[in-house]
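> If it helps, the file is called coords-v9.cif and holds mmCIF, C-alpha atoms:
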data_protein
#
loop_
_atom_site.group_PDB
_atom_site.id
_atom_site.type_symbol
_atom_site.label_atom_id
_atom_site.label_comp_id
_atom_site.auth_asym_id
_atom_site.auth_seq_id
_atom_site.Cartn_x
_atom_site.Cartn_y
_atom_site.Cartn_z
ATOM 1 C CA MET A 83 64.458 157.720 48.287
ATOM 2 C CA PHE A 84 63.767 154.025 47.718
ATOM 3 C CA GLY A 85 60.112 154.340 48.353
ATOM 4 C CA ILE A 86 60.439 153.303 51.994
ATOM 5 C CA SER A 87 58.518 155.415 54.433
ATOM 6 C CA PHE A 88 59.983 155.837 57.920
ATOM 7 C CA GLU A 89 56.525 156.446 59.285
ATOM 8 C CA ALA A 90 55.545 152.910 58.234
ATOM 9 C CA TYR A 91 58.270 151.323 60.389
ATOM 10 C CA LEU A 92 57.896 153.671 63.315
ATOM 11 C CA PRO A 93 55.174 151.635 65.098
ATOM 12 C CA LYS A 94 57.260 148.445 64.745
ATOM 13 C CA LEU A 95 60.324 150.235 66.055
ATOM 14 C CA ILE A 96 58.321 151.538 68.989
ATOM 15 C CA ASP A 97 56.944 148.057 69.725
ATOM 16 C CA PHE A 98 60.459 146.547 69.521
ATOM 17 C CA SER A 99 61.809 149.204 71.843
ATOM 18 C CA ILE A 100 59.008 148.646 74.320
ATOM 19 C CA ASN A 101 59.474 144.852 74.224
ATOM 20 C CA PHE A 102 63.235 145.237 74.544
ATOM 21 C CA ALA A 103 62.862 147.579 77.504
ATOM 22 C CA GLN A 104 60.377 145.216 79.155
ATOM 23 C CA SER A 105 62.675 142.196 78.610
ATOM 24 C CA LEU A 106 65.637 144.163 79.889
ATOM 25 C CA PHE A 107 63.644 145.201 82.936
ATOM 26 C CA ARG A 108 62.625 141.605 83.574
ATOM 27 C CA VAL A 109 66.231 140.394 83.203
ATOM 28 C CA LEU A 110 67.439 143.065 85.609
ATOM 29 C CA LEU A 111 64.627 142.173 88.003
ATOM 30 C CA ILE A 112 65.595 138.481 87.845
ATOM 31 C CA VAL A 113 69.252 139.343 88.528
ATOM 32 C CA VAL A 114 68.272 141.563 91.460
ATOM 33 C CA VAL A 115 66.015 138.835 92.896
ATOM 34 C CA ALA A 116 68.813 136.265 92.481
ATOM 35 C CA LEU A 117 71.295 138.576 94.228
ATOM 36 C CA LEU A 118 68.861 139.188 97.080
ATOM 37 C CA ALA A 119 68.192 135.459 97.362
ATOM 38 C CA ILE A 120 71.936 134.776 97.475
ATOM 39 C CA LYS A 121 72.400 137.416 100.165
ATOM 40 C CA PHE A 122 69.587 136.130 102.387
ATOM 41 C CA LEU A 123 70.678 132.516 101.911
ATOM 42 C CA ARG A 124 74.228 133.479 102.859
ATOM 43 C CA LEU A 125 72.966 135.198 106.005
ATOM 44 C CA GLY A 126 70.793 132.190 106.827
ATOM 45 C CA LEU A 127 73.668 129.735 106.386
ATOM 46 C CA ASN A 128 75.965 131.914 108.491
ATOM 47 C CA ARG A 129 73.361 131.958 111.246
ATOM 48 C CA LEU A 130 72.917 128.200 110.974
ATOM 49 C CA GLU A 131 76.689 127.743 111.178
ATOM 50 C CA VAL A 132 76.867 129.760 114.400
ATOM 51 C CA ILE A 133 74.024 127.747 115.941
ATOM 52 C CA LEU A 134 75.614 124.407 114.979
ATOM 53 C CA VAL A 135 79.041 125.448 116.282
ATOM 54 C CA ARG A 136 77.579 126.508 119.631
ATOM 55 C CA ALA A 137 75.661 123.248 119.905
ATOM 56 C CA ARG A 138 78.701 121.099 119.054
ATOM 57 C CA GLU A 139 81.440 122.939 120.946
ATOM 58 C CA ALA A 140 79.992 121.916 124.317
ATOM 59 C CA SER A 141 80.643 118.231 123.581
ATOM 60 C CA GLU A 142 83.870 118.720 121.608
ATOM 61 C CA SER A 143 87.104 117.544 123.237
ATOM 62 C CA VAL A 144 89.358 119.351 120.733
ATOM 63 C CA PRO A 145 88.829 123.149 120.711
ATOM 64 C CA GLY A 146 87.968 124.488 117.279
ATOM 65 C CA ALA A 147 87.404 121.078 115.694
ATOM 66 C CA ALA A 148 83.630 121.530 115.519
ATOM 67 C CA ALA A 149 83.974 124.964 113.914
ATOM 68 C CA MET A 150 86.330 123.621 111.239
ATOM 69 C CA ARG A 151 84.093 120.654 110.466
ATOM 70 C CA ILE A 152 80.882 122.692 110.286
ATOM 71 C CA ARG A 153 82.575 125.413 108.234
ATOM 72 C CA THR A 154 83.595 122.767 105.691
ATOM 73 C CA LEU A 155 80.049 121.445 105.490
ATOM 74 C CA MET A 156 78.593 124.937 105.135
ATOM 75 C CA SER A 157 80.972 125.780 102.308
ATOM 76 C CA VAL A 158 79.885 122.711 100.362
ATOM 77 C CA LEU A 159 76.214 123.437 101.073
ATOM 78 C CA TRP A 160 76.698 127.061 100.036
ATOM 79 C CA THR A 161 78.251 126.015 96.721
ATOM 80 C CA ILE A 162 75.289 123.752 95.976
ATOM 81 C CA VAL A 163 72.671 126.348 96.963
ATOM 82 C CA ALA A 164 74.335 129.197 95.048
ATOM 83 C CA GLY A 165 74.680 127.007 91.966
ATOM 84 C CA LEU A 166 70.989 126.110 92.053
ATOM 85 C CA VAL A 167 69.950 129.757 92.443
ATOM 86 C CA TRP A 168 72.040 130.960 89.508
ATOM 87 C CA PHE A 169 71.027 127.979 87.349
ATOM 88 C CA THR A 170 67.371 128.842 87.924
ATOM 89 C CA ALA A 171 68.060 132.540 87.235
ATOM 90 C CA VAL A 172 69.845 131.805 83.940
ATOM 91 C CA LEU A 173 67.034 129.571 82.737
ATOM 92 C CA THR A 174 64.475 132.240 83.633
ATOM 93 C CA ILE A 175 66.476 134.925 81.785
ATOM 94 C CA LEU A 176 66.747 132.732 78.700
ATOM 95 C CA GLY A 177 62.986 132.273 78.778
ATOM 96 C CA GLN A 178 62.482 136.059 78.962
ATOM 97 C CA VAL A 179 64.643 136.727 75.894
ATOM 98 C CA GLY A 180 62.710 134.214 73.816
ATOM 99 C CA VAL A 181 64.907 131.126 74.108
ATOM 100 C CA ASN A 182 63.007 127.860 74.422
ATOM 101 C CA VAL A 183 64.393 126.282 77.599
ATOM 102 C CA THR A 184 62.458 123.015 77.254
ATOM 103 C CA PRO A 185 65.132 121.334 75.090
ATOM 104 C CA ILE A 186 67.792 122.611 77.505
ATOM 105 C CA LEU A 187 65.974 121.108 80.466
ATOM 106 C CA ALA A 188 65.419 117.858 78.578
ATOM 107 C CA SER A 189 69.082 117.673 77.608
ATOM 108 C CA ALA A 190 70.149 118.481 81.153
ATOM 109 C CA GLY A 191 67.857 115.734 82.420
ATOM 110 C CA VAL A 192 69.300 113.185 80.005
ATOM 111 C CA VAL A 193 72.877 114.218 80.806
ATOM 112 C CA GLY A 194 72.124 114.184 84.525
ATOM 113 C CA LEU A 195 70.591 110.722 84.244
ATOM 114 C CA ALA A 196 73.613 109.414 82.331
ATOM 115 C CA VAL A 197 76.020 110.964 84.795
ATOM 116 C CA GLY A 198 73.949 109.629 87.677
ATOM 117 C CA PHE A 199 74.164 106.061 86.380
ATOM 118 C CA GLY A 200 77.832 106.381 85.519
ATOM 119 C CA ALA A 201 78.874 108.039 88.755
ATOM 120 C CA GLN A 202 76.435 106.522 91.229
ATOM 121 C CA ASN A 203 79.277 105.150 93.352
ATOM 122 C CA LEU A 204 80.906 108.582 93.379
ATOM 123 C CA VAL A 205 77.628 110.203 94.435
ATOM 124 C CA LYS A 206 77.212 107.554 97.120
ATOM 125 C CA ASP A 207 80.709 108.311 98.409
ATOM 126 C CA PHE A 208 80.005 112.050 98.573
ATOM 127 C CA VAL A 209 76.669 111.641 100.329
ATOM 128 C CA SER A 210 78.142 109.190 102.838
ATOM 129 C CA GLY A 211 81.114 111.484 103.419
ATOM 130 C CA PHE A 212 78.843 114.484 103.990
ATOM 131 C CA PHE A 213 76.882 112.756 106.747
ATOM 132 C CA LEU A 214 80.029 111.145 108.178
ATOM 133 C CA ILE A 215 81.577 114.590 108.696
ATOM 134 C CA LEU A 216 78.293 116.187 109.750
ATOM 135 C CA GLU A 217 77.706 113.603 112.479
ATOM 136 C CA ASN A 218 81.339 113.827 113.650
ATOM 137 C CA GLN A 219 81.794 110.072 113.521
ATOM 138 C CA ILE A 220 85.540 110.317 112.934
ATOM 139 C CA ARG A 221 88.245 112.980 112.743
ATOM 140 C CA VAL A 222 91.807 113.333 111.513
ATOM 141 C CA GLY A 223 94.126 112.025 114.239
ATOM 142 C CA ASP A 224 91.683 109.392 115.526
ATOM 143 C CA VAL A 225 92.574 105.714 115.675
ATOM 144 C CA ALA A 226 89.821 103.753 113.989
ATOM 145 C CA ILE A 227 88.966 100.320 112.650
ATOM 146 C CA ILE A 228 87.254 100.457 109.252
ATOM 147 C CA ASN A 229 85.959 97.255 107.686
ATOM 148 C CA GLY A 230 88.273 95.282 109.981
ATOM 149 C CA THR A 231 91.416 97.342 109.234
ATOM 150 C CA GLY A 232 92.825 99.545 111.990
ATOM 151 C CA GLY A 233 95.082 102.564 111.799
ATOM 152 C CA LEU A 234 95.579 106.280 112.345
ATOM 153 C CA VAL A 235 93.224 108.543 110.378
ATOM 154 C CA GLU A 236 95.440 110.767 108.211
ATOM 155 C CA ALA A 237 92.883 112.383 105.910
ATOM 156 C CA ILE A 238 89.109 112.700 105.545
ATOM 157 C CA THR A 239 87.411 114.022 102.431
ATOM 158 C CA PHE A 240 83.874 113.843 101.128
ATOM 159 C CA ARG A 241 84.955 110.862 99.028
ATOM 160 C CA THR A 242 87.515 108.859 101.027
ATOM 161 C CA ILE A 243 89.089 108.153 104.415
ATOM 162 C CA VAL A 244 92.821 107.414 104.593
ATOM 163 C CA LEU A 245 94.242 105.173 107.343
ATOM 164 C CA ARG A 246 97.882 104.337 108.094
ATOM 165 C CA ASP A 247 98.482 101.180 110.142
ATOM 166 C CA GLN A 248 101.423 100.343 112.433
ATOM 167 C CA ALA A 249 103.412 98.933 109.523
ATOM 168 C CA ALA A 250 103.027 102.336 107.759
ATOM 169 C CA VAL A 251 100.749 100.804 105.126
ATOM 170 C CA VAL A 252 98.241 103.364 103.819
ATOM 171 C CA HIS A 253 94.653 102.164 103.357
ATOM 172 C CA VAL A 254 92.144 104.245 101.363
ATOM 173 C CA PHE A 255 88.428 103.566 101.903
ATOM 174 C CA PRO A 256 85.705 105.128 99.721
ATOM 175 C CA ASN A 257 83.080 106.481 102.099
ATOM 176 C CA GLY A 258 80.290 104.635 100.325
ATOM 177 C CA SER A 259 81.984 101.271 100.911
ATOM 178 C CA ILE A 260 82.384 101.636 104.688
ATOM 179 C CA ASN A 261 80.312 98.914 106.338
ATOM 180 C CA THR A 262 81.743 99.045 109.875
ATOM 181 C CA LEU A 263 83.541 101.918 111.579
ATOM 182 C CA SER A 264 84.903 101.718 115.125
ATOM 183 C CA ASN A 265 86.451 104.881 116.560
ATOM 184 C CA MET A 266 88.873 104.006 119.370
ATOM 185 C CA THR A 267 89.683 107.600 120.366
ATOM 186 C CA LYS A 268 86.428 109.549 120.236
ATOM 187 C CA ASP A 269 86.167 112.038 123.142
ATOM 188 C CA TRP A 270 88.137 109.712 125.475
ATOM 189 C CA SER A 271 89.984 106.412 125.369
ATOM 190 C CA ALA A 272 90.475 103.428 127.662
ATOM 191 C CA TYR A 273 93.184 100.863 128.232
ATOM 192 C CA VAL A 274 91.765 97.527 129.364
ATOM 193 C CA ILE A 275 94.226 95.258 131.136
ATOM 194 C CA ASP A 276 93.881 91.627 132.232
ATOM 195 C CA VAL A 277 96.214 90.873 135.152
ATOM 196 C CA GLY A 278 96.889 87.200 135.815
ATOM 197 C CA VAL A 279 98.070 86.011 139.240
ATOM 198 C CA ALA A 280 98.633 82.593 140.725
ATOM 199 C CA TYR A 281 95.767 80.810 142.472
ATOM 200 C CA ARG A 282 97.518 80.965 145.826
ATOM 201 C CA GLU A 283 97.542 84.791 145.826
ATOM 202 C CA ASP A 284 95.009 86.875 147.771
ATOM 203 C CA THR A 285 93.054 88.742 145.104
ATOM 204 C CA ASP A 286 92.121 91.552 147.521
ATOM 205 C CA ARG A 287 95.811 92.165 148.196
ATOM 206 C CA VAL A 288 96.505 92.113 144.456
ATOM 207 C CA VAL A 289 93.784 94.702 143.862
ATOM 208 C CA GLU A 290 95.286 96.955 146.552
ATOM 209 C CA VAL A 291 98.683 96.825 144.844
ATOM 210 C CA MET A 292 97.063 97.584 141.475
ATOM 211 C CA ARG A 293 95.291 100.630 142.929
ATOM 212 C CA ARG A 294 98.469 101.868 144.596
ATOM 213 C CA VAL A 295 100.492 101.609 141.403
ATOM 214 C CA ALA A 296 97.754 103.390 139.444
ATOM 215 C CA GLY A 297 97.643 106.162 142.059
ATOM 216 C CA GLU A 298 101.402 106.659 141.808
ATOM 217 C CA LEU A 299 101.119 106.761 138.042
ATOM 218 C CA GLN A 300 98.366 109.368 138.230
ATOM 219 C CA SER A 301 100.562 111.497 140.507
ATOM 220 C CA ASP A 302 103.309 111.508 137.889
ATOM 221 C CA PRO A 303 103.052 114.771 135.874
ATOM 222 C CA GLN A 304 104.078 113.041 132.665
ATOM 223 C CA TYR A 305 101.357 110.401 132.789
ATOM 224 C CA GLY A 306 98.817 111.819 135.228
ATOM 225 C CA SER A 307 97.873 114.644 132.861
ATOM 226 C CA ALA A 308 96.672 112.025 130.377
ATOM 227 C CA MET A 309 94.580 110.081 132.937
ATOM 228 C CA LEU A 310 90.995 111.262 133.314
ATOM 229 C CA GLU A 311 89.979 109.111 136.303
ATOM 230 C CA PRO A 312 91.485 106.750 138.883
ATOM 231 C CA ILE A 313 91.871 103.174 137.763
ATOM 232 C CA GLU A 314 88.642 101.172 137.543
ATOM 233 C CA ILE A 315 89.077 97.671 138.965
ATOM 234 C CA ILE A 316 86.335 95.603 137.360
ATOM 235 C CA GLY A 317 87.169 92.533 139.453
ATOM 236 C CA VAL A 318 87.975 88.860 139.069
ATOM 237 C CA ASP A 319 87.016 88.178 135.481
ATOM 238 C CA ALA A 320 88.062 84.605 134.727
ATOM 239 C CA PHE A 321 89.735 81.438 135.945
ATOM 240 C CA THR A 322 92.231 79.900 133.544
ATOM 241 C CA ASP A 323 94.342 76.743 133.766
ATOM 242 C CA SER A 324 97.087 78.451 135.758
ATOM 243 C CA ALA A 325 95.885 81.949 136.685
ATOM 244 C CA VAL A 326 93.162 84.079 138.183
ATOM 245 C CA ILE A 327 92.397 86.986 135.840
ATOM 246 C CA ILE A 328 91.634 90.420 137.309
ATOM 247 C CA LYS A 329 90.308 92.947 134.809
ATOM 248 C CA ALA A 330 90.894 96.704 135.127
ATOM 249 C CA ARG A 331 90.532 99.820 132.971
ATOM 250 C CA LEU A 332 92.433 103.094 132.691
ATOM 251 C CA LYS A 333 90.455 106.029 131.263
ATOM 252 C CA THR A 334 92.642 108.502 129.381
ATOM 253 C CA LEU A 335 92.625 111.354 126.918
ATOM 254 C CA PRO A 336 92.128 110.322 123.278
ATOM 255 C CA ILE A 337 94.968 108.263 121.795
ATOM 256 C CA ARG A 338 96.981 108.358 125.057
ATOM 257 C CA GLN A 339 95.783 104.995 126.382
ATOM 258 C CA TRP A 340 98.678 102.940 125.006
ATOM 259 C CA MET A 341 101.333 105.217 126.480
ATOM 260 C CA VAL A 342 99.679 105.125 129.913
ATOM 261 C CA GLY A 343 98.903 101.403 129.728
ATOM 262 C CA ARG A 344 102.451 100.360 128.866
ATOM 263 C CA GLU A 345 103.902 102.412 131.709
ATOM 264 C CA TYR A 346 101.321 100.949 134.101
ATOM 265 C CA ARG A 347 102.293 97.409 133.115
ATOM 266 C CA ARG A 348 105.981 98.208 133.652
ATOM 267 C CA ARG A 349 105.382 99.623 137.124
ATOM 268 C CA LEU A 350 102.945 96.855 138.045
ATOM 269 C CA LYS A 351 105.510 94.157 137.273
ATOM 270 C CA LYS A 352 108.073 95.834 139.544
ATOM 271 C CA ALA A 353 105.452 96.207 142.309
ATOM 272 C CA PHE A 354 104.458 92.536 142.060
ATOM 273 C CA GLU A 355 108.096 91.501 142.331
ATOM 274 C CA ALA A 356 108.574 93.731 145.374
ATOM 275 C CA GLU A 357 105.445 92.285 147.027
ATOM 276 C CA ASN A 358 106.355 88.682 146.084
ATOM 277 C CA ILE A 359 103.133 88.302 144.098
ATOM 278 C CA GLU A 360 103.574 85.381 141.782
ATOM 279 C CA PHE A 361 102.958 85.717 138.071
ATOM 280 C CA PRO A 362 101.377 82.532 136.759
ATOM 281 C CA PHE A 363 103.044 80.194 134.307
ATOM 282 C CA PRO A 364 101.781 77.004 132.711
ATOM 283 C CA GLN A 365 102.054 74.052 135.062
ATOM 284 C CA ARG A 366 101.402 70.366 134.623
ATOM 285 C CA THR A 367 100.872 67.864 137.446
ATOM 286 C CA VAL A 368 101.944 64.308 136.719
ATOM 287 C CA LEU A 369 100.549 61.561 138.975
ATOM 288 C CA VAL A 370 102.638 58.415 139.167
ATOM 289 C CA GLY A 371 100.968 55.243 140.477
ATOM 290 C CA GLU A 372 102.489 52.167 142.213
ATOM 291 C CA ALA A 373 105.037 50.219 140.242
ATOM 292 C CA LYS A 374 103.704 46.842 139.119
ATOM 293 C CA ALA A 375 105.539 43.780 137.956
ATOM 294 C CA PRO A 376 105.520 43.350 134.226
ATOM 295 C CA LEU A 377 103.152 40.813 132.754
ATOM 296 C CA PRO A 378 104.736 37.421 131.975
ATOM 297 C CA PRO A 379 105.225 36.381 128.369
ATOM 298 C CA ALA A 380 102.352 34.561 126.741
ATOM 299 C CA GLY A 381 102.274 30.812 127.637
ATOM 300 C CA LYS A 382 104.653 31.122 130.580
ATOM 301 C CA PRO A 383 103.089 30.785 134.064
ATOM 302 C CA SER A 384 103.799 33.530 136.488
ATOM 303 C CA GLU A 385 105.746 32.907 139.691
ATOM 304 C CA GLY A 386 103.711 31.572 142.545
ATOM 305 C CA ASN A 387 101.530 29.371 140.317
#
Starting from the file, give its structure as structure tokens.

Amino acid sequence: MFGISFEAYLPKLIDFSINFAQSLFRVLLIVVVALLAIKFLRLGLNRLEVILVRAREASESVPGAAAMRIRTLMSVLWTIVAGLVWFTAVLTILGQVGVNVTPILASAGVVGLAVGFGAQNLVKDFVSGFFLILENQIRVGDVAIINGTGGLVEAITFRTIVLRDQAAVVHVFPNGSINTLSNMTKDWSAYVIDVGVAYREDTDRVVEVMRRVAGELQSDPQYGSAMLEPIEIIGVDAFTDSAVIIKARLKTLPIRQWMVGREYRRRLKKAFEAENIEFPFPQRTVLVGEAKAPLPPAGKPSEGN
């Protein structure tokens, strides 16, 4: 009608249809490959999670704690892996439909570099938190000393650790800024006690009383269930101005050492009083010499001259 022949455009239409079908096939193939990759990666991570849980549970004092910690790590790792797979798939699909992905990659690199410089402390916190949880260095409910500040661990995230001290003050530490970490309740705890007695006391007799009191404490259902071993008498540890120091240690379940230690001190004091074992107290010995006549005033001869 307008002088346009359909036969002239038929080859172009056929070529477009073939190219469209090929691109669509490639896109579908990329999606299928991405889905298969996701599935196999999911299976692999699940298998790795089972292996890690079995390896950690044997040394875990709290049942289920290892599974919870490893499950958290696997979820974060899964999010990262799945994101990378789909990001690669989307870029590949865009390349198949004729979109130039080079500017996209360049822009992503520039944005990533800017974000990396701007959030390097945040990235450091996340990386430190990941390995801190992976290595099971600390858990919620532990008593720890972080950068010289002690308290009860109330929360652990990939970015921060929250401590609450005895005065109920909450301390928040970014994971990347933790220089020293001392866990006082990992797997088991200990209460170290220095017992001072007077120098006149027989230290062997004192040790016998200490062992007897510890044995009675361990037989008590309320406190014995928290004690892992009989008392460890380390021995005479020091000589001070007024006392002989005998050092001992009570091994307990995590975070139970203070409860057991305070009760042991209470019972030990009563036992020492019953056995007439003297607790030391500061003493001072004053030596008084012979009384001498005062010196005569200057210029006056003394008697007898």
> What would the selection look like, as a PyMOL selection string, if the PyMOL selection byres ((chain A and resi 321-335) around 6) were run on the coordinates I just shared?
chain A and resi 270-281+308-311+313-320+336+338-339+362+364
> On this structure, the PyMOL selection byres ((chain A and resi 230-242) around 9) would catch which residues? List them as a ChimeraX atom specification, sorted by chain and number.
/A:204-212,214-215,220-229,243-248,250-258,262-264
> Since we have the selection now, will you write its residues out, keeping C-alpha atoms, as an mmCIF file, in the frame of the given file?

data_model
loop_
_atom_site.group_PDB
_atom_site.id
_atom_site.type_symbol
_atom_site.label_atom_id
_atom_site.label_comp_id
_atom_site.auth_asym_id
_atom_site.auth_seq_id
_atom_site.Cartn_x
_atom_site.Cartn_y
_atom_site.Cartn_z
ATOM 1 C CA LEU A 204 80.906 108.582 93.379
ATOM 2 C CA VAL A 205 77.628 110.203 94.435
ATOM 3 C CA LYS A 206 77.212 107.554 97.120
ATOM 4 C CA ASP A 207 80.709 108.311 98.409
ATOM 5 C CA PHE A 208 80.005 112.050 98.573
ATOM 6 C CA VAL A 209 76.669 111.641 100.329
ATOM 7 C CA SER A 210 78.142 109.190 102.838
ATOM 8 C CA GLY A 211 81.114 111.484 103.419
ATOM 9 C CA PHE A 212 78.843 114.484 103.990
ATOM 10 C CA LEU A 214 80.029 111.145 108.178
ATOM 11 C CA ILE A 215 81.577 114.590 108.696
ATOM 12 C CA ILE A 220 85.540 110.317 112.934
ATOM 13 C CA ARG A 221 88.245 112.980 112.743
ATOM 14 C CA VAL A 222 91.807 113.333 111.513
ATOM 15 C CA GLY A 223 94.126 112.025 114.239
ATOM 16 C CA ASP A 224 91.683 109.392 115.526
ATOM 17 C CA VAL A 225 92.574 105.714 115.675
ATOM 18 C CA ALA A 226 89.821 103.753 113.989
ATOM 19 C CA ILE A 227 88.966 100.320 112.650
ATOM 20 C CA ILE A 228 87.254 100.457 109.252
ATOM 21 C CA ASN A 229 85.959 97.255 107.686
ATOM 22 C CA ILE A 243 89.089 108.153 104.415
ATOM 23 C CA VAL A 244 92.821 107.414 104.593
ATOM 24 C CA LEU A 245 94.242 105.173 107.343
ATOM 25 C CA ARG A 246 97.882 104.337 108.094
ATOM 26 C CA ASP A 247 98.482 101.180 110.142
ATOM 27 C CA GLN A 248 101.423 100.343 112.433
ATOM 28 C CA ALA A 250 103.027 102.336 107.759
ATOM 29 C CA VAL A 251 100.749 100.804 105.126
ATOM 30 C CA VAL A 252 98.241 103.364 103.819
ATOM 31 C CA HIS A 253 94.653 102.164 103.357
ATOM 32 C CA VAL A 254 92.144 104.245 101.363
ATOM 33 C CA PHE A 255 88.428 103.566 101.903
ATOM 34 C CA PRO A 256 85.705 105.128 99.721
ATOM 35 C CA ASN A 257 83.080 106.481 102.099
ATOM 36 C CA GLY A 258 80.290 104.635 100.325
ATOM 37 C CA THR A 262 81.743 99.045 109.875
ATOM 38 C CA LEU A 263 83.541 101.918 111.579
ATOM 39 C CA SER A 264 84.903 101.718 115.125
#
> Could you check the closest approach to Lys121 in chain A for each of A:Asn261, A:Ile337, A:Trp160, A:Arg287 and tell me which residue wins, using only C-alpha atoms?
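Answer, going by the shortest atom-to-atom distance: A:Trp160.
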> CA of Lys268 in chain A and CA of Asn218 in chain A, how far apart in Å?
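These two atoms are separated by 9.4 Å.
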> Where does the PyMOL selection byres ((chain A and resi 124) around 12) land in this file, that is, which residues does it pick, as a PyMOL selection string?
chain A and resi 117-123+125-131+156-157+159-164+167
> Looking at only C-alpha atoms, which of A:Val288, A:Phe102, A:Ile175, A:Glu217 is the one that sits closest to Val114 in chain A?
A:Ile175
> How many Å separate CA of Val295 in chain A from CA of Gly343 in chain A?
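Going from CA of Val295 in chain A over to CA of Gly343 in chain A, I get 11.8 Å.
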> Please report the interatomic distance between CA of Met341 in chain A and CA of Ser307 in chain A in Å with one decimal.
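Here the two named atoms are 11.9 Å from each other.
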> Taking all atoms of range 230-240 of chain A that appear in the file, build a box with edges along x, y and z, extend it by 5 Å on every side, and state its centre and edge lengths in Å to one decimal, as lines of an AutoDock Vina configuration file.

center_x = 89.7
center_y = 104.7
center_z = 106.7
size_x = 21.7
size_y = 28.7
size_z = 21.2
> Would you please work out which residue, of A:Arg108, A:Arg348, A:Arg153, A:Arg136, is nearest to Ala296 in chain A when using all atoms listed in the file?
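The answer is A:Arg348, which sits nearest to Ala296 in chain A.
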> For a quick check of understanding, using only C-alpha atoms, which of A:Gln304, A:Gln202, A:Leu155, A:Gln219 has the smallest distance to Thr267 in chain A?
A:Gln219
